[in-house]
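The file final_11.txt contains compact mmCIF, C-alpha atoms (C1' of nucleotides):
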```txt
# COMPACT_ATOMS: atom_id res chain seq x y z
CA MET A 1 0.00 0.00 0.00
CA ASN A 2 1.43 3.33 -1.05
CA LEU A 3 -0.88 6.17 -0.14
CA PRO A 4 -0.54 9.56 1.51
CA PRO A 5 -0.39 8.88 5.27
CA LEU A 6 -3.67 10.66 5.98
CA ILE A 7 -5.54 8.53 3.46
CA GLN A 8 -3.70 5.39 4.47
CA SER A 9 -4.81 5.58 8.09
CA PHE A 10 -8.40 6.11 6.99
CA VAL A 11 -8.25 3.12 4.64
CA LEU A 12 -6.61 0.89 7.24
CA HIS A 13 -9.12 1.87 9.89
CA PHE A 14 -12.05 0.91 7.69
CA GLY A 15 -10.35 -2.34 6.88
CA GLU A 16 -10.23 -3.18 10.58
CA MET A 17 -13.73 -1.92 11.25
CA GLY A 18 -15.11 -4.12 8.51
CA SER A 19 -14.81 -7.15 10.72
CA HIS A 20 -17.15 -5.57 13.27
CA TRP A 21 -19.64 -5.17 10.49
CA GLY A 22 -19.49 -8.55 8.78
CA ILE A 23 -17.53 -7.34 5.78
CA ASN A 24 -13.97 -8.33 5.06
CA ARG A 25 -10.89 -6.20 5.24
CA THR A 26 -10.43 -5.67 1.52
CA VAL A 27 -14.04 -4.59 1.04
CA GLY A 28 -13.70 -2.07 3.85
CA GLN A 29 -10.44 -0.72 2.52
CA ILE A 30 -11.68 -0.35 -1.01
CA TYR A 31 -14.78 1.43 0.14
CA ALA A 32 -12.74 3.84 2.22
CA LEU A 33 -10.40 4.50 -0.66
CA LEU A 34 -13.24 5.27 -3.04
CA TYR A 35 -14.93 7.42 -0.43
CA VAL A 36 -12.02 9.81 -0.09
CA SER A 37 -10.86 9.70 -3.69
CA ASP A 38 -11.38 12.88 -5.67
CA LYS A 39 -12.02 10.95 -8.87
CA PRO A 40 -13.46 7.57 -9.86
CA LEU A 41 -10.95 4.71 -9.78
CA ASN A 42 -10.67 1.58 -11.88
CA ALA A 43 -9.77 -1.85 -10.57
CA ASP A 44 -6.08 -1.48 -11.37
CA ASP A 45 -5.90 1.87 -9.58
CA ILE A 46 -7.31 0.09 -6.55
CA VAL A 47 -4.89 -2.84 -6.79
CA GLU A 48 -2.09 -0.31 -6.99
CA ALA A 49 -3.33 1.71 -4.02
CA ILE A 50 -4.36 -1.09 -1.67
CA GLY A 51 -1.91 -3.77 -2.70
CA CYS A 52 -4.33 -6.68 -3.02
CA SER A 53 -4.81 -9.02 -5.96
CA ARG A 54 -6.81 -8.15 -9.03
CA SER A 55 -9.29 -10.97 -8.39
CA ASN A 56 -9.83 -9.98 -4.80
CA THR A 57 -10.58 -6.46 -5.98
CA SER A 58 -13.10 -7.79 -8.44
CA MET A 59 -14.90 -9.76 -5.71
CA ALA A 60 -14.86 -6.85 -3.31
CA LEU A 61 -16.30 -4.46 -5.89
CA LYS A 62 -19.02 -6.96 -6.62
CA GLU A 63 -19.93 -7.03 -2.96
CA LEU A 64 -19.92 -3.25 -2.69
CA GLN A 65 -22.22 -3.10 -5.69
CA ALA A 66 -24.54 -5.62 -4.06
CA TRP A 67 -24.68 -3.27 -1.08
CA ARG A 68 -25.38 -0.37 -3.49
CA LEU A 69 -22.49 1.51 -1.91
CA VAL A 70 -20.51 2.17 -5.08
CA LYS A 71 -21.46 3.53 -8.45
CA LEU A 72 -20.10 2.04 -11.64
CA GLN A 73 -19.31 4.42 -14.49
CA HIS A 74 -17.40 4.60 -17.73
CA LEU A 75 -15.04 7.31 -18.84
CA PRO A 76 -15.21 8.37 -22.48
CA GLY A 77 -12.66 6.56 -24.61
CA ASP A 78 -11.77 4.08 -21.87
CA ARG A 79 -13.16 0.57 -21.71
CA ARG A 80 -12.33 0.05 -18.08
CA GLU A 81 -14.92 0.29 -15.33
CA TYR A 82 -14.56 3.14 -12.89
CA PHE A 83 -16.00 3.19 -9.40
CA SER A 84 -16.95 5.93 -6.99
CA THR A 85 -19.15 6.48 -3.97
CA PRO A 86 -22.17 8.79 -3.88
CA GLU A 87 -21.18 12.30 -2.86
CA ASP A 88 -23.99 12.84 -0.40
CA VAL A 89 -23.08 11.28 2.94
CA TRP A 90 -26.74 11.23 3.92
CA ALA A 91 -27.58 9.16 0.89
CA ILE A 92 -24.84 6.74 1.85
CA PHE A 93 -26.22 6.51 5.36
CA LYS A 94 -29.69 5.80 4.04
CA THR A 95 -28.49 3.11 1.65
CA LEU A 96 -26.61 1.41 4.45
CA ALA A 97 -29.66 1.49 6.69
CA GLU A 98 -31.86 0.07 3.95
CA GLU A 99 -29.52 -2.75 3.12
CA ARG A 100 -29.00 -3.77 6.72
CA GLN A 101 -32.74 -3.67 7.22
CA LYS A 102 -33.23 -6.00 4.27
CA ARG A 103 -30.42 -8.40 5.11
CA GLU A 104 -30.63 -8.60 8.86
CA VAL A 105 -33.85 -7.23 10.25
CA GLU A 106 -36.33 -8.66 7.76
CA PRO A 107 -35.16 -12.27 8.14
CA THR A 108 -35.29 -11.93 11.91
CA LEU A 109 -38.82 -10.55 11.80
CA THR A 110 -39.87 -13.40 9.53
CA MET A 111 -38.42 -15.97 11.90
CA LEU A 112 -40.09 -14.33 14.88
CA ARG A 113 -43.47 -14.14 13.15
CA GLY A 114 -43.22 -17.83 12.35
CA ALA A 115 -42.31 -18.76 15.91
CA ILE A 116 -45.03 -16.58 17.41
CA MET A 117 -47.64 -18.29 15.22
CA GLU A 118 -46.79 -21.79 16.47
CA THR A 119 -48.85 -23.43 19.15
CA PRO A 120 -46.65 -23.73 22.22
CA SER A 121 -46.40 -27.08 23.95
CA GLY A 122 -45.61 -26.47 27.58
CA ASP A 123 -44.63 -23.60 29.82
CA ALA A 124 -41.10 -23.16 28.53
CA GLU A 125 -42.34 -22.64 24.98
CA ARG A 126 -45.12 -20.37 26.15
CA HIS A 127 -42.64 -18.17 27.96
CA ALA A 128 -40.23 -18.22 25.03
CA GLN A 129 -43.02 -17.14 22.75
CA ALA A 130 -43.93 -14.22 24.98
CA ARG A 131 -40.29 -13.09 24.95
CA MET A 132 -40.09 -13.40 21.21
CA ASN A 133 -43.19 -11.31 20.95
CA GLU A 134 -41.63 -8.55 23.06
CA MET A 135 -38.64 -8.58 20.76
CA TYR A 136 -40.85 -8.58 17.70
CA GLN A 137 -42.85 -5.56 18.87
CA LEU A 138 -39.70 -3.61 19.66
CA ILE A 139 -37.98 -4.36 16.38
CA GLU A 140 -41.09 -3.56 14.40
CA LEU A 141 -41.61 -0.24 16.14
CA VAL A 142 -38.00 0.84 15.77
CA THR A 143 -37.94 -0.32 12.17
CA LYS A 144 -41.04 1.58 11.14
CA TRP A 145 -39.82 4.67 12.90
CA PHE A 146 -36.44 4.40 11.27
CA ALA A 147 -38.04 4.09 7.86
CA ASP A 148 -40.08 7.23 8.56
CA ILE A 149 -37.02 9.12 9.66
CA ARG A 150 -34.95 7.85 6.76
CA ASP A 151 -37.44 9.12 4.22
CA MET A 152 -37.59 12.65 5.61
CA ASP A 153 -35.75 15.25 3.59
CA VAL A 154 -32.27 16.00 4.84
CA ASP A 155 -33.03 19.50 6.09
CA THR A 156 -35.92 18.42 8.29
CA LEU A 157 -33.89 15.47 9.49
CA GLN A 158 -30.99 17.66 10.48
CA LYS A 159 -33.30 20.06 12.28
CA LEU A 160 -34.91 17.19 14.14
CA MET A 161 -31.58 15.70 15.13
CA LYS A 162 -30.21 19.00 16.31
CA LEU A 163 -33.31 19.42 18.38
CA GLY A 164 -32.48 16.12 20.06
CA SER A 165 -34.30 15.37 23.27
CA GLN A 166 -35.78 18.87 23.19
CA VAL A 167 -38.33 17.28 20.90
CA GLN A 168 -40.02 16.08 24.08
CA LYS A 169 -40.76 19.64 25.06
CA VAL A 170 -42.11 20.43 21.64
CA LEU A 171 -44.40 17.43 21.86
CA GLN A 172 -45.63 18.39 25.31
CA PHE A 173 -46.12 21.96 24.19
CA THR A 174 -48.02 20.84 21.12
CA GLN A 175 -50.21 18.55 23.16
CA SER A 176 -51.22 21.31 25.49
CA ILE A 177 -51.86 23.68 22.60
CA GLY A 178 -53.93 20.91 21.03
CA ARG A 179 -56.04 20.65 24.15
CA LEU A 180 -56.54 24.40 24.23
CA THR A 181 -57.39 24.82 20.57
CA GLY A 182 -59.07 21.52 19.86
CA ARG A 183 -56.62 20.95 17.04
CA ASP A 184 -55.37 17.36 17.18
CA SER A 185 -51.96 17.50 15.61
CA ASN A 186 -50.78 14.53 17.67
CA ARG A 187 -53.51 12.21 16.41
CA ASN A 188 -51.42 9.16 15.56
CA ALA A 189 -49.54 9.00 18.80
CA ASP A 190 -52.69 9.22 20.83
CA ALA A 191 -54.55 6.66 18.76
CA GLU A 192 -51.87 4.01 18.92
CA ALA A 193 -50.35 4.64 22.34
CA MET B 1 -28.84 -29.56 20.66
CA ASN B 2 -32.06 -30.81 22.17
CA LEU B 3 -34.56 -28.01 22.58
CA PRO B 4 -38.26 -27.53 21.80
CA PRO B 5 -38.44 -26.75 18.06
CA LEU B 6 -39.71 -23.22 18.59
CA ILE B 7 -36.81 -22.33 20.84
CA GLN B 8 -34.34 -24.20 18.68
CA SER B 9 -35.12 -22.18 15.57
CA PHE B 10 -34.74 -18.96 17.56
CA VAL B 11 -31.40 -20.06 18.96
CA LEU B 12 -30.11 -21.22 15.57
CA HIS B 13 -31.20 -18.00 13.90
CA PHE B 14 -29.27 -15.89 16.38
CA GLY B 15 -26.28 -18.12 15.92
CA GLU B 16 -26.30 -17.34 12.19
CA MET B 17 -27.06 -13.66 12.70
CA GLY B 18 -24.12 -13.33 15.05
CA SER B 19 -21.73 -13.40 12.14
CA HIS B 20 -23.39 -10.32 10.63
CA TRP B 21 -22.72 -8.59 13.93
CA GLY B 22 -19.16 -9.56 14.61
CA ILE B 23 -19.98 -12.09 17.31
CA ASN B 24 -19.49 -15.80 16.93
CA ARG B 25 -22.12 -18.47 16.60
CA THR B 26 -21.89 -19.81 20.13
CA VAL B 27 -22.18 -16.36 21.66
CA GLY B 28 -25.27 -15.66 19.58
CA GLN B 29 -26.86 -18.98 20.44
CA ILE B 30 -26.21 -18.66 24.15
CA TYR B 31 -27.62 -15.17 24.22
CA ALA B 32 -30.75 -16.31 22.42
CA LEU B 33 -31.16 -19.24 24.77
CA LEU B 34 -30.87 -17.04 27.84
CA TYR B 35 -33.19 -14.47 26.33
CA VAL B 36 -36.10 -16.91 25.96
CA SER B 37 -35.39 -18.98 29.05
CA ASP B 38 -37.92 -18.62 31.85
CA LYS B 39 -35.24 -19.06 34.49
CA PRO B 40 -31.52 -18.35 34.88
CA LEU B 41 -29.24 -21.06 33.50
CA ASN B 42 -25.83 -22.27 34.62
CA ALA B 43 -22.98 -23.16 32.31
CA ASP B 44 -23.82 -26.86 32.32
CA ASP B 45 -27.45 -26.19 31.46
CA ILE B 46 -26.17 -24.24 28.48
CA VAL B 47 -23.73 -26.96 27.40
CA GLU B 48 -26.61 -29.43 27.60
CA ALA B 49 -29.00 -27.22 25.62
CA ILE B 50 -26.64 -25.93 22.91
CA GLY B 51 -24.27 -28.87 22.64
CA CYS B 52 -21.00 -26.96 22.75
CA SER B 53 -18.02 -27.55 25.01
CA ARG B 54 -17.80 -26.33 28.56
CA SER B 55 -14.82 -24.12 27.81
CA ASN B 56 -16.46 -22.56 24.81
CA THR B 57 -19.44 -21.74 26.98
CA SER B 58 -17.17 -20.11 29.50
CA MET B 59 -15.57 -17.91 26.85
CA ALA B 60 -18.91 -16.97 25.33
CA LEU B 61 -20.37 -16.00 28.69
CA LYS B 62 -17.34 -13.87 29.36
CA GLU B 63 -17.90 -12.05 26.10
CA LEU B 64 -21.59 -11.54 26.82
CA GLN B 65 -20.67 -10.10 30.19
CA ALA B 66 -18.20 -7.75 28.54
CA TRP B 67 -21.08 -6.55 26.38
CA ARG B 68 -23.21 -6.17 29.54
CA LEU B 69 -25.86 -8.31 27.89
CA VAL B 70 -26.16 -10.96 30.58
CA LYS B 71 -26.55 -10.76 34.33
CA LEU B 72 -24.66 -13.10 36.63
CA GLN B 73 -26.46 -14.29 39.72
CA HIS B 74 -26.26 -16.96 42.41
CA LEU B 75 -29.07 -19.16 43.59
CA PRO B 76 -29.27 -19.79 47.33
CA GLY B 77 -27.54 -23.01 48.33
CA ASP B 78 -25.90 -23.47 44.91
CA ARG B 79 -22.32 -22.55 44.20
CA ARG B 80 -22.72 -22.45 40.45
CA GLU B 81 -23.10 -19.22 38.50
CA TYR B 82 -26.41 -18.60 36.85
CA PHE B 83 -26.97 -16.30 33.91
CA SER B 84 -29.96 -14.44 32.56
CA THR B 85 -30.78 -11.48 30.35
CA PRO B 86 -32.48 -8.29 31.54
CA GLU B 87 -36.26 -8.55 31.26
CA ASP B 88 -36.79 -5.15 29.71
CA VAL B 89 -36.20 -5.33 25.96
CA TRP B 90 -35.72 -1.55 25.84
CA ALA B 91 -32.93 -1.79 28.36
CA ILE B 92 -31.29 -4.47 26.22
CA PHE B 93 -31.60 -2.26 23.17
CA LYS B 94 -30.00 0.65 25.00
CA THR B 95 -27.12 -1.44 26.29
CA LEU B 96 -26.44 -2.72 22.80
CA ALA B 97 -26.48 0.80 21.39
CA GLU B 98 -24.12 2.05 24.09
CA GLU B 99 -21.63 -0.76 23.63
CA ARG B 100 -21.56 -0.45 19.87
CA GLN B 101 -21.10 3.28 20.25
CA LYS B 102 -18.14 2.73 22.53
CA ARG B 103 -16.51 -0.03 20.49
CA GLU B 104 -17.12 1.11 16.95
CA VAL B 105 -18.16 4.71 16.71
CA GLU B 106 -15.80 6.29 19.24
CA PRO B 107 -12.62 4.85 17.68
CA THR B 108 -13.79 5.99 14.27
CA LEU B 109 -14.45 9.51 15.49
CA THR B 110 -11.04 9.60 17.13
CA MET B 111 -9.35 8.51 13.92
CA LEU B 112 -11.30 11.08 11.90
CA ARG B 113 -10.49 13.90 14.32
CA GLY B 114 -6.82 13.01 14.05
CA ALA B 115 -6.90 12.97 10.28
CA ILE B 116 -8.81 16.22 10.03
CA MET B 117 -6.23 17.96 12.22
CA GLU B 118 -3.31 17.05 9.94
CA THR B 119 -1.97 19.54 7.44
CA PRO B 120 -2.77 18.18 3.97
CA SER B 121 0.01 17.99 1.42
CA GLY B 122 -1.54 18.23 -1.99
CA ASP B 123 -4.96 18.21 -3.59
CA ALA B 124 -5.71 14.54 -3.02
CA GLU B 125 -5.20 14.89 0.71
CA ARG B 126 -7.15 18.12 0.83
CA HIS B 127 -10.10 16.46 -0.85
CA ALA B 128 -9.82 13.39 1.37
CA GLN B 129 -9.85 15.59 4.42
CA ALA B 130 -12.98 17.37 3.27
CA ARG B 131 -14.70 14.01 2.79
CA MET B 132 -13.60 12.83 6.20
CA ASN B 133 -14.99 15.99 7.66
CA GLU B 134 -18.38 15.36 6.06
CA MET B 135 -18.37 11.88 7.54
CA TYR B 136 -17.30 13.21 10.90
CA GLN B 137 -20.10 15.78 11.04
CA LEU B 138 -22.69 13.19 10.09
CA ILE B 139 -21.55 10.61 12.61
CA GLU B 140 -21.34 13.17 15.36
CA LEU B 141 -24.80 14.51 14.68
CA VAL B 142 -26.39 11.08 14.50
CA THR B 143 -24.51 9.95 17.57
CA LYS B 144 -25.56 12.87 19.71
CA TRP B 145 -29.11 12.52 18.57
CA PHE B 146 -29.09 8.82 19.29
CA ALA B 147 -27.77 9.45 22.78
CA ASP B 148 -30.57 11.96 23.38
CA ILE B 149 -33.16 9.52 22.13
CA ARG B 150 -31.67 6.65 24.11
CA ASP B 151 -31.90 8.55 27.35
CA MET B 152 -35.55 9.48 27.00
CA ASP B 153 -37.92 7.51 29.16
CA VAL B 154 -39.53 4.59 27.41
CA ASP B 155 -43.03 6.07 27.31
CA THR B 156 -41.94 9.27 25.60
CA LEU B 157 -39.77 7.27 23.27
CA GLN B 158 -42.61 5.00 22.24
CA LYS B 159 -44.88 7.98 21.68
CA LEU B 160 -42.27 9.66 19.54
CA MET B 161 -41.65 6.55 17.50
CA LYS B 162 -45.33 5.93 16.93
CA LEU B 163 -45.63 9.49 15.76
CA GLY B 164 -43.00 8.71 13.14
CA SER B 165 -42.62 11.19 10.34
CA GLN B 166 -45.69 13.04 11.62
CA VAL B 167 -43.20 14.70 13.91
CA GLN B 168 -42.43 16.96 10.97
CA LYS B 169 -45.90 18.37 11.10
CA VAL B 170 -45.64 18.92 14.82
CA LEU B 171 -42.40 20.77 14.32
CA GLN B 172 -43.80 22.94 11.55
CA PHE B 173 -46.90 23.61 13.59
CA THR B 174 -44.84 24.55 16.62
CA GLN B 175 -42.64 26.84 14.58
CA SER B 176 -45.60 28.75 13.22
CA ILE B 177 -47.15 29.00 16.68
CA GLY B 178 -43.78 30.25 17.91
CA ARG B 179 -43.78 32.97 15.27
CA LEU B 180 -47.31 33.98 16.16
CA THR B 181 -46.84 34.02 19.92
CA GLY B 182 -43.21 35.05 20.12
CA ARG B 183 -42.54 31.94 22.20
CA ASP B 184 -39.35 30.30 20.97
CA SER B 185 -39.79 26.64 21.80
CA ASN B 186 -37.56 25.58 18.93
CA ARG B 187 -34.58 27.59 20.13
CA ASN B 188 -31.86 24.97 19.78
CA ALA B 189 -32.72 23.90 16.28
CA ASP B 190 -32.76 27.46 15.08
CA ALA B 191 -29.54 28.39 16.79
CA GLU B 192 -27.54 25.52 15.39
CA ALA B 193 -29.13 25.05 11.97
C1' DT C 1 -5.52 -26.60 55.71
C1' DC C 2 -7.67 -29.78 52.52
C1' DA C 3 -10.90 -31.52 49.28
C1' DA C 4 -14.72 -31.01 46.38
C1' DA C 5 -17.19 -28.21 43.24
C1' DC C 6 -16.89 -25.26 39.89
C1' DT C 7 -14.61 -21.95 36.43
C1' DT C 8 -10.97 -20.36 33.46
C1' DT C 9 -7.03 -20.70 30.59
C1' DC C 10 -4.56 -22.19 26.77
C1' DA C 11 -2.21 -24.94 23.16
C1' DG C 12 -3.40 -27.30 19.42
C1' DA C 13 -7.10 -29.14 16.14
C1' DA C 14 -10.92 -28.17 13.26
C1' DA C 15 -13.61 -25.21 10.65
C1' DT C 16 -14.29 -21.20 8.27
C1' DT C 17 -13.13 -17.32 5.64
C1' DA C 18 -10.13 -14.61 2.71
C1' DC C 19 -6.89 -14.34 -0.93
C1' DT C 20 -4.25 -15.55 -5.01
C1' DG C 21 -2.94 -16.79 -9.76
C1' DA C 22 -4.23 -19.10 -13.70
C1' DA C 23 -7.68 -19.88 -16.82
C1' DA C 24 -12.18 -18.81 -18.76
C1' DA C 25 -15.47 -15.51 -20.08
C1' DT C 26 -16.98 -11.17 -21.73
C1' DT C 27 -16.81 -6.89 -24.21
C1' DG C 28 -15.95 -3.53 -27.83
C1' DG C 29 -13.80 -2.31 -31.88
C1' DA C 30 -11.59 -3.36 -36.48
C1' DT D 1 -15.75 -12.56 -37.62
C1' DC D 2 -11.37 -12.14 -34.82
C1' DC D 3 -8.35 -9.90 -31.60
C1' DA D 4 -6.99 -7.43 -27.69
C1' DA D 5 -8.40 -5.40 -23.46
C1' DT D 6 -10.65 -6.17 -19.45
C1' DT D 7 -13.33 -8.66 -15.96
C1' DT D 8 -14.86 -12.80 -13.63
C1' DT D 9 -14.59 -17.34 -11.91
C1' DC D 10 -12.69 -20.93 -9.38
C1' DA D 11 -9.67 -24.38 -7.29
C1' DG D 12 -6.11 -24.43 -4.25
C1' DT D 13 -3.61 -22.16 -0.46
C1' DA D 14 -3.02 -19.04 3.29
C1' DA D 15 -4.72 -16.76 7.19
C1' DT D 16 -7.88 -16.32 10.69
C1' DT D 17 -11.25 -17.65 13.81
C1' DT D 18 -13.59 -20.89 16.54
C1' DC D 19 -13.74 -24.81 19.33
C1' DT D 20 -12.11 -28.52 22.29
C1' DG D 21 -9.98 -31.22 26.08
C1' DA D 22 -6.69 -31.24 29.45
C1' DA D 23 -4.65 -28.84 32.99
C1' DA D 24 -4.47 -25.06 36.13
C1' DG D 25 -6.89 -21.89 38.98
C1' DT D 26 -10.38 -20.39 42.31
C1' DT D 27 -13.75 -20.61 45.85
C1' DT D 28 -16.28 -22.50 49.63
C1' DG D 29 -17.12 -25.19 53.50
C1' DA D 30 -15.51 -28.62 56.80
```

Would you write out, as structure tokens, the structure that this file holds?
Amino acid sequence: MNLPPLIQSFVLHFGEMGSHWGINRTVGQIYALLYVSDKPLNADDIVEAIGCSRSNTSMALKELQAWRLVKLQHLPGDRREYFSTPEDVWAIFKTLAEERQKREVEPTLTMLRGAIMETPSGDAERHAQARMNEMYQLIELVTKWFADIRDMDVDTLQKLMKLGSQVQKVLQFTQSIGRLTGRDSNRNADAEA
Amino acid sequence: MNLPPLIQSFVLHFGEMGSHWGINRTVGQIYALLYVSDKPLNADDIVEAIGCSRSNTSMALKELQAWRLVKLQHLPGDRREYFSTPEDVWAIFKTLAEERQKREVEPTLTMLRGAIMETPSGDAERHAQARMNEMYQLIELVTKWFADIRDMDVDTLQKLMKLGSQVQKVLQFTQSIGRLTGRDSNRNADAEA
DNA sequence: TCAAACTTTCAGAAATTACTGAAAATTGGA
DNA sequence: TCCAATTTTCAGTAATTTCTGAAAGTTTGA
């Protein structure tokens, strides 16, 4: 690997972090490299920069494409494939959340639904089922909420996040206004709570 | 492994999922088993249920303790150690979020801060630094927000989540009320946005 | 203090995962 | 169509991770 030190430490860090996230070192490194690169790179550029084999690079790029984390593009007059990451970090964040949802959360929800449907035979199973149901309800709530959040436009999202826990006060304020004015702007929460 | 089918599929699923989360199969399986169990289990109970070795169980329990995901307790008149998971699924969720924050996010933020401080030498490094800064700002915002959310009491949190993207409307409504009344209940968001 | 009950450690074996180089496949242009 | 450039596949190897059994360590009560 022969990169400017600043970029190298970033690339190496993401290589290590990959293992915490179920992706391998090369995939993490390549992603990091593309993320900070100021221009799209082709596979040989990557081999050169990272120091892995051409075939490994090919596999890693395939995986990154499956995650929708890299864009493939062609440069005029060049047959090679060039890769880059989306420029908008929020878009990247959303893609990541969507993919993890699809790969990890959905299968878990499916399994839980199946288990909760079964007729329990005995106390142990009955208790297990109740626990699974608690988990199911939590995951479903968080998931739906996350999807709502994810689909907000970036400006609103940033405002909301900066507001942080202050949002509680806004909600309380709104509820009392609602009571005073008869306007029910908190309809959903009240109906489902 | 000799468990009721319903529990077995839950345990096996978490074993598989573990690998997506950087924990090994046994750790995932043991956690799942404890989660659905209606009483605390000792290491031999676990060996019996999962079918792994005693030493592997010991290692896995140590890791789960490091993650603060299992509680150790003693039963009167029994020298063995018994393990269970917290009953409150929200508490579990919070613990998980805190630990991942500490193990994955913090080191990344530290690395990014370091890189952003460096003096860039050349355009490539300058661009890389700008990208790292974008990532840093995003992670920090999301992290702070998450911490705020995490520390809300469960009732408020559930209300907020059920409200979902409707929260936008509440915010807009509040802002217009604020303009009308002069009351500035959205202070923070405005100041920092 | 000793012995019994229980837990942890650790070196090596087994299993899994990642990586490579060679060969096959694909693509675009002449 | 063929050729040259490029990408992908895949079988074998390397590296890493997980798991086990034996041995060492710890704790409690007599």

Problem set entry | Proximal residues of chain D relative to chain B (only C-alpha atoms (C1' of nucleotides); 10 Å) as a PyMOL selection string | chain D and resi 17-21+27-28

For this session: For chain A, work out the contacting residues on chain B at 7 Å, counting only C-alpha atoms, and write them as an NGL selection string.
Result: :B and (6-7 or 19-22 or 36-38 or 89 or 115 or 124-125 or 127-128 or 131 or 134-135 or 141-142 or 145 or 148-149 or 159 or 161-165 or 170 or 174 or 185 or 188-189 or 193)

Please put the answer as AutoDock Vina command-line options: centre and edge lengths, in Å with one decimal, of a box along x, y and z that encloses all listed atoms of stretch 103-115 of chain B plus 5 Å on each side.
```
--center_x -12.5 --center_y 6.9 --center_z 15.4 --size_x 21.3 --size_y 23.9 --size_z 20.2
```

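For the choices B:Arg68, B:Arg80, B:His74, B:Lys62, the atom-to-atom distance to chain C is smallest for B:Arg80 when using all atoms listed in the file.
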
Set out as CSV a contact list for chain C and chain A with a cut-off of 12 Å, giving each residue of chain C that qualifies its closest atom pair and distance in Å to one decimal, counting all atoms listed in the file, ordered by chain and rising residue number.
```
residue,atom,partner,partner_atom,distance
C:DT17,C1',A:Asn24,CA,9.0
C:DA18,C1',A:Asn24,CA,7.7
C:DC19,C1',A:Asn56,CA,6.5
C:DT20,C1',A:Ser53,CA,6.6
C:DG21,C1',A:Ser55,CA,8.7
C:DA22,C1',A:Ser55,CA,10.9
C:DT27,C1',A:Arg79,CA,8.7
C:DG28,C1',A:Arg79,CA,7.9
C:DG29,C1',A:Arg79,CA,10.6
```

Selection file, C-alpha atoms (C1' of nucleotides), as a JSON list (two decimals), in the frame of the given file:
```json
[["chain", "number", "residue", "atom", "x", "y", "z"],
["C", 17, "DT", "C1'", -13.13, -17.32, 5.64],
["C", 18, "DA", "C1'", -10.13, -14.61, 2.71],
["C", 19, "DC", "C1'", -6.89, -14.34, -0.93],
["C", 20, "DT", "C1'", -4.25, -15.55, -5.01],
["C", 21, "DG", "C1'", -2.94, -16.79, -9.76],
["C", 22, "DA", "C1'", -4.23, -19.10, -13.70],
["C", 27, "DT", "C1'", -16.81, -6.89, -24.21],
["C", 28, "DG", "C1'", -15.95, -3.53, -27.83],
["C", 29, "DG", "C1'", -13.80, -2.31, -31.88]]
```

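When atom CA of A:Lys71 is paired with atom CA of A:Gly15, their separation reads 19.8 Å.
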
Surrounding residues of C:DT8 excluding itself and chain neighbours under 2 positions, 9 Å, all atoms listed in the file, as a compact mmCIF listing (two decimals) with C-alpha atoms (C1' of nucleotides), in the frame of the given file:
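Saved to part_39.txt:
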```txt
# COMPACT_ATOMS: atom_id res chain seq x y z
CA SER B 55 -14.82 -24.12 27.81
CA SER B 58 -17.17 -20.11 29.50
CA MET B 59 -15.57 -17.91 26.85
C1' DA D 24 -4.47 -25.06 36.13
C1' DG D 25 -6.89 -21.89 38.98
C1' DT D 26 -10.38 -20.39 42.31
```

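Our summary of the geometry notes that atom C1' of C:DA4 is positioned 9.5 Å from atom C1' of D:DG29.
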
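By all atoms listed in the file, and with residues fewer than 5 positions from C:DT26 along its chain excluded, the set lying at most 12 Å from it is DA5, DT6, DT7, DT8 and DT9 of chain D.
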
Exercise. Mind pulling up the distance from atom CA of B:Gln8 to atom CA of B:Glu63?
Worked result: 21.7 Å
